[in-house]
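Since the structure comes first, as structure tokens, the remarks are kept for the end.
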Amino acid sequence: MIDLHMHSTCSDGQNKPEKLVEIAAAAGITTMALTDHDTINGLERASARASQLGIDFISGIEIGSQGGRELHILGYGVDCNDKGLKSFYEDNRIHRITRRDKFIELLNKLGIEITAEYIADVNDGKSTGRPHIARALVNLGYAESVDEAFKKYLQTPEFYSYDRPKPYYSISIEMIRNAGGVAVLAHPYTLGLDDMEFRLLLKKLVMSGLCGIECYYSRHTPEQIEYYRNIADEYGLIFTCGSDYHGPDVKPNILLGRGYKDSLIKANVPEYEIIERLKEKIG
Ligand code: AMP
Ligand code: FE
Ligand code: FE
Ligand code: ZN
């Protein structure tokens with residue numbers, strides 16, 4: 001089984017990079033990529049553990065980007081020590097802290113007693129994402145689940161007005177390419193675009209250097225998989241497969257390699273072709 005999209009504690013996943021690799025090994029994953037949000041910090045640790053456990057490891061990153069919509073761009077085969085990506089992470093870490101503090105103020109005004117220290121406990125004091133705030137809200141009893149915390153507090157207009165600046169997609173693709181990586185559009189269904197809109201955007205992404213589409217994704221329906229596969233073929237793009245595993249406390253219904261309710265098992269993922277073509281592009 002393969003899985004090319006997952007998160008560790010270096011971003012908003014629940015497990016440390018080493019532990020994540022151990023869970024992957026136990027789940028029967030043979031090729032994996034770690035794709036933390038906006039950071040390559042976990043790659044060396046994960047890669048070392050993967051080689052001990054005999055798992056084929058591909059370095060990765062997922063960059064939250066803008067361009068009309070929120071676009072997530074995956075980068076595969078990036079250099080684990082790339083200076084450009086490291087300095088991007090540093091800038092972004094500061095934006096995330098600023099955002100967290102503004103948001104705490106907002107929650108406090110609503111009568112919710114939450115502090116930066118409390119949220120830091122949830123995420124080991126590292127990069128703060130909305131899922132960390134959501135988990136803190138659940139632990140404090142302000143929401144039943146992470147999902148409810150998102151709906152009640154973290155997907156509101158007030159929150160979005162405090163959101164952090166994100167790079168334009170062309171910049172994200174350029175950063176990935178400069179780090180020696182291959183850029184792939186993550187979970188395209190989240191864009192919510194119709195066929196014409198999607199093609200228009202895809203053309204611009206390809207002109208900026210995009211190489212592939214994450215056609216096999218936990219939340220894609222069989223129809224969506226077929227649709228994105230056809231488009232990938234038409235535009236000469238590669239296709240990839242990922243669960244977007246974050247751990248049971250963050251995304252309870254997503255399993256490594258299997259997706260949502262075994263969606264990736266049912267999809268008969270062409271694993272060999274995916275890995276061969278991706279590695280060919282990485283070079
Ligand atoms: P951020 O980049 O900090 O704004 O947070 C975005 C992250 O929140 C992404 O990793 C999403 O996967 C995650 N996310 C969005 N909605 C939900 C949800 N309802 N439950 C859990 N995680 C979510
Ligand atoms: Fe995430
Ligand atoms: Fe994403
Ligand atoms: Zn992700």
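Ordering of the structure tokens sets the chain letters (A, B, ...), residue numbers begin anew at 1 in every chain, and ligands are numbered from 1 in the order given.
Residues in contact with His72 of chain A at up to 6 Å, not including ones fewer than 4 positions away on its chain and judged by only C-alpha atoms, are Ile63, Gly64, Ser65 and Ala186 of chain A.
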Quiz item: Within 8 Å of Cys80 of chain A, counting only C-alpha atoms, which residues qualify if same-chain residues fewer than 2 places away don't, as an MDAnalysis selection string?
Solution: chainID A and resid 40:41 43:44 59 78 82
Practice problem: Would you kindly return, as a list of chain:residue names, each protein, DNA or RNA residue with an atom no farther than 12 Å from any atom of Glu105 of chain A, considering only C-alpha atoms and excluding same-chain residues fewer than 4 positions away? | Solution: A:Thr98, A:Arg99, A:Arg100, A:Asp101, A:Lys109, A:Leu110, A:Gly111, A:Ile112, A:Glu113, A:Ile114, A:Thr115, A:Ala116, A:Glu158, A:Phe159, A:Tyr162
Next, the residues of the selection above should be written as a compact mmCIF listing (two decimals), in the first residue's frame with N, CA, C and O atoms.
# COMPACT_ATOMS: atom_id res chain seq x y z
N THR A 98 1.16 35.20 15.22
CA THR A 98 0.39 36.44 15.23
C THR A 98 -1.10 36.12 15.10
O THR A 98 -1.94 36.65 15.82
N ARG A 99 -1.40 35.23 14.17
CA ARG A 99 -2.79 34.86 13.93
C ARG A 99 -3.39 34.20 15.18
O ARG A 99 -4.50 34.52 15.59
N ARG A 100 -2.63 33.30 15.78
CA ARG A 100 -3.11 32.61 16.99
C ARG A 100 -3.46 33.62 18.08
O ARG A 100 -4.52 33.56 18.70
N ASP A 101 -2.57 34.60 18.29
CA ASP A 101 -2.79 35.56 19.37
C ASP A 101 -4.01 36.45 19.11
O ASP A 101 -4.77 36.74 20.02
N LYS A 109 -13.01 37.40 24.04
CA LYS A 109 -14.14 38.34 24.00
C LYS A 109 -15.47 37.61 23.99
O LYS A 109 -16.48 38.11 24.47
N LEU A 110 -15.47 36.41 23.42
CA LEU A 110 -16.70 35.60 23.40
C LEU A 110 -16.91 34.86 24.73
O LEU A 110 -17.82 34.07 24.85
N GLY A 111 -16.02 35.12 25.68
CA GLY A 111 -16.15 34.48 26.99
C GLY A 111 -15.46 33.14 27.09
O GLY A 111 -15.64 32.40 28.06
N ILE A 112 -14.68 32.79 26.08
CA ILE A 112 -13.98 31.50 26.10
C ILE A 112 -12.61 31.69 26.72
O ILE A 112 -11.82 32.51 26.25
N GLU A 113 -12.38 30.93 27.79
CA GLU A 113 -11.10 31.08 28.48
C GLU A 113 -10.08 30.15 27.87
O GLU A 113 -10.08 28.95 28.12
N ILE A 114 -9.22 30.72 27.03
CA ILE A 114 -8.20 29.92 26.35
C ILE A 114 -6.93 30.78 26.27
O ILE A 114 -7.02 32.00 26.09
N THR A 115 -5.79 30.15 26.46
CA THR A 115 -4.54 30.90 26.45
C THR A 115 -3.56 30.31 25.45
O THR A 115 -3.71 29.15 25.03
N ALA A 116 -2.55 31.11 25.11
CA ALA A 116 -1.51 30.63 24.19
C ALA A 116 -0.79 29.43 24.79
O ALA A 116 -0.47 28.48 24.08
N GLU A 158 -15.07 36.24 11.04
CA GLU A 158 -14.11 36.90 11.95
C GLU A 158 -12.76 36.21 11.86
O GLU A 158 -11.71 36.84 11.79
N PHE A 159 -12.79 34.87 11.88
CA PHE A 159 -11.53 34.14 11.80
C PHE A 159 -10.82 34.46 10.49
O PHE A 159 -9.64 34.78 10.48
N TYR A 162 -8.75 37.43 10.14
CA TYR A 162 -7.45 37.41 10.83
C TYR A 162 -6.49 36.39 10.22
O TYR A 162 -5.44 36.11 10.78
Practice problem: List all protein, DNA and RNA residues that have an atom no more than 7 Å from any atom of ligand 4, counting only C-alpha atoms and all ligand atoms, and report them as number ranges by chain. | Solution: A: 5-7, 35-37, 62, 244
Output of the above residues as a CSV table (one decimal), in the first residue's frame, restricted to C-alpha atoms:
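And here's part27.csv as it stands now:
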chain,number,residue,atom,x,y,z
A,5,HIS,CA,0.0,12.7,1.9
A,6,MET,CA,0.2,12.8,5.7
A,7,HIS,CA,1.0,15.2,8.6
A,35,THR,CA,3.8,16.3,3.6
A,36,ASP,CA,3.6,18.7,6.6
A,37,HIS,CA,2.0,22.1,6.1
A,62,GLU,CA,2.1,20.9,1.4
A,244,ASP,CA,-4.2,13.3,4.4
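Considering the residues A:Arg69, A:Arg199, A:Lys266, A:Arg258 and counting only C-alpha atoms, Leu4 of chain A has its shortest atom-to-atom contact with A:Arg258.
Interatomic distance, atom CA of Gly68 of chain A to atom CA of Ser11 of chain A: 24.2 Å.
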Exercise. Any chance you could list, as number ranges by chain, the residues in segment 52-281 of chain A that come up helix (DSSP H, G or I) when DSSP is run on the backbone?
Key: A: 52-53, 83-109, 116-122, 130-139, 146-154, 157-161, 169-178, 188-191, 195-207, 222-234, 263-266, 271-281
Let's have the selection written as a short mmCIF file (atom, residue, chain, number, x, y, z; two decimals), in the first residue's frame, with C-alpha atoms.
data_model
loop_
_atom_site.label_atom_id
_atom_site.label_comp_id
_atom_site.auth_asym_id
_atom_site.auth_seq_id
_atom_site.Cartn_x
_atom_site.Cartn_y
_atom_site.Cartn_z
CA GLN A 52 15.24 1.45 9.52
CA LEU A 53 11.79 -0.04 8.92
CA LYS A 83 17.25 27.10 2.43
CA GLY A 84 14.31 28.68 0.58
CA LEU A 85 11.76 26.36 2.21
CA LYS A 86 13.41 26.77 5.61
CA SER A 87 13.19 30.54 5.51
CA PHE A 88 9.62 30.34 4.21
CA TYR A 89 8.80 28.21 7.27
CA GLU A 90 10.35 30.77 9.63
CA ASP A 91 8.32 33.65 8.18
CA ASN A 92 5.22 31.57 8.21
CA ARG A 93 5.72 30.42 11.80
CA ILE A 94 5.66 34.04 12.88
CA HIS A 95 2.50 34.74 10.86
CA ARG A 96 0.87 31.73 12.52
CA ILE A 97 1.76 32.98 16.01
CA THR A 98 0.39 36.44 15.23
CA ARG A 99 -2.79 34.86 13.93
CA ARG A 100 -3.11 32.61 16.99
CA ASP A 101 -2.79 35.56 19.37
CA LYS A 102 -5.37 37.65 17.51
CA PHE A 103 -7.68 34.71 17.55
CA ILE A 104 -7.26 34.10 21.27
CA GLU A 105 -8.32 37.71 21.84
CA LEU A 106 -11.41 37.11 19.77
CA LEU A 107 -12.29 33.92 21.66
CA ASN A 108 -11.69 35.61 25.01
CA LYS A 109 -14.14 38.34 24.00
CA ALA A 116 -1.51 30.63 24.19
CA GLU A 117 0.12 28.36 26.76
CA TYR A 118 -2.81 25.99 26.69
CA ILE A 119 -2.73 25.76 22.89
CA ALA A 120 1.06 25.36 22.95
CA ASP A 121 0.60 22.27 25.15
CA VAL A 122 -1.48 20.68 22.41
CA ARG A 130 -6.28 25.79 13.38
CA PRO A 131 -6.52 22.09 14.31
CA HIS A 132 -4.44 22.79 17.44
CA ILE A 133 -6.83 25.55 18.49
CA ALA A 134 -9.74 23.23 17.68
CA ARG A 135 -8.31 20.47 19.87
CA ALA A 136 -7.72 22.91 22.70
CA LEU A 137 -11.37 24.04 22.44
CA VAL A 138 -12.51 20.40 22.60
CA ASN A 139 -10.27 19.64 25.60
CA VAL A 146 -12.66 19.11 16.30
CA ASP A 147 -15.15 19.31 13.47
CA GLU A 148 -17.65 21.18 15.64
CA ALA A 149 -14.92 23.55 16.88
CA PHE A 150 -14.10 24.37 13.26
CA LYS A 151 -17.72 25.02 12.39
CA LYS A 152 -18.50 27.04 15.51
CA TYR A 153 -15.33 29.11 15.81
CA LEU A 154 -12.70 28.59 13.17
CA PRO A 157 -15.85 35.47 8.86
CA GLU A 158 -14.11 36.90 11.95
CA PHE A 159 -11.53 34.14 11.80
CA TYR A 160 -10.92 34.58 8.11
CA SER A 161 -10.43 38.31 8.61
CA TYR A 169 0.37 29.51 -5.99
CA SER A 170 2.99 30.44 -8.57
CA ILE A 171 5.37 31.36 -5.72
CA SER A 172 4.68 28.05 -3.95
CA ILE A 173 5.38 26.09 -7.13
CA GLU A 174 8.56 28.06 -7.67
CA MET A 175 9.74 27.39 -4.09
CA ILE A 176 9.10 23.67 -4.59
CA ARG A 177 10.95 23.61 -7.90
CA ASN A 178 13.86 25.59 -6.47
CA PRO A 188 -8.76 19.37 -5.99
CA TYR A 189 -12.38 18.71 -4.94
CA THR A 190 -11.95 21.24 -2.09
CA LEU A 191 -11.72 24.02 -4.67
CA ASP A 195 -15.41 21.93 -15.10
CA MET A 196 -14.74 25.18 -16.94
CA GLU A 197 -13.41 27.00 -13.88
CA PHE A 198 -11.20 24.08 -12.95
CA ARG A 199 -9.68 23.81 -16.41
CA LEU A 200 -9.02 27.54 -16.50
CA LEU A 201 -7.19 27.39 -13.17
CA LEU A 202 -5.35 24.21 -14.10
CA LYS A 203 -3.97 25.81 -17.26
CA LYS A 204 -2.52 28.63 -15.16
CA LEU A 205 -1.09 26.16 -12.65
CA VAL A 206 0.53 24.12 -15.42
CA MET A 207 2.01 27.30 -16.91
CA PRO A 222 -15.31 7.36 -7.52
CA GLU A 223 -16.75 9.87 -10.01
CA GLN A 224 -14.34 12.58 -8.89
CA ILE A 225 -11.41 10.17 -9.17
CA GLU A 226 -12.39 9.33 -12.73
CA TYR A 227 -12.92 12.99 -13.60
CA TYR A 228 -9.51 14.08 -12.27
CA ARG A 229 -7.77 11.07 -13.83
CA ASN A 230 -9.17 11.99 -17.24
CA ILE A 231 -8.11 15.60 -16.86
CA ALA A 232 -4.62 14.57 -15.71
CA ASP A 233 -4.25 12.40 -18.83
CA GLU A 234 -5.57 15.14 -21.07
CA SER A 263 -12.20 4.89 -0.09
CA LEU A 264 -8.63 4.36 -1.31
CA ILE A 265 -8.89 0.58 -1.09
CA LYS A 266 -12.09 0.66 -3.12
CA GLU A 271 0.29 2.21 -7.10
CA TYR A 272 3.08 1.06 -9.34
CA GLU A 273 2.31 3.60 -12.07
CA ILE A 274 1.98 6.44 -9.53
CA ILE A 275 5.36 5.77 -7.91
CA GLU A 276 7.18 5.08 -11.19
CA ARG A 277 5.97 8.27 -12.86
CA LEU A 278 6.48 10.42 -9.78
CA LYS A 279 10.04 9.18 -9.34
CA GLU A 280 10.74 9.74 -13.01
CA LYS A 281 9.64 13.38 -12.60
#
Practice problem: Would you please work out which residue, of A:Tyr245, A:Tyr142, A:Phe239, A:Tyr76, is nearest to ligand 2 when using only C-alpha atoms and all ligand atoms? | Solution: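 For ligand 2, the nearest of the given residues is A:Tyr245.
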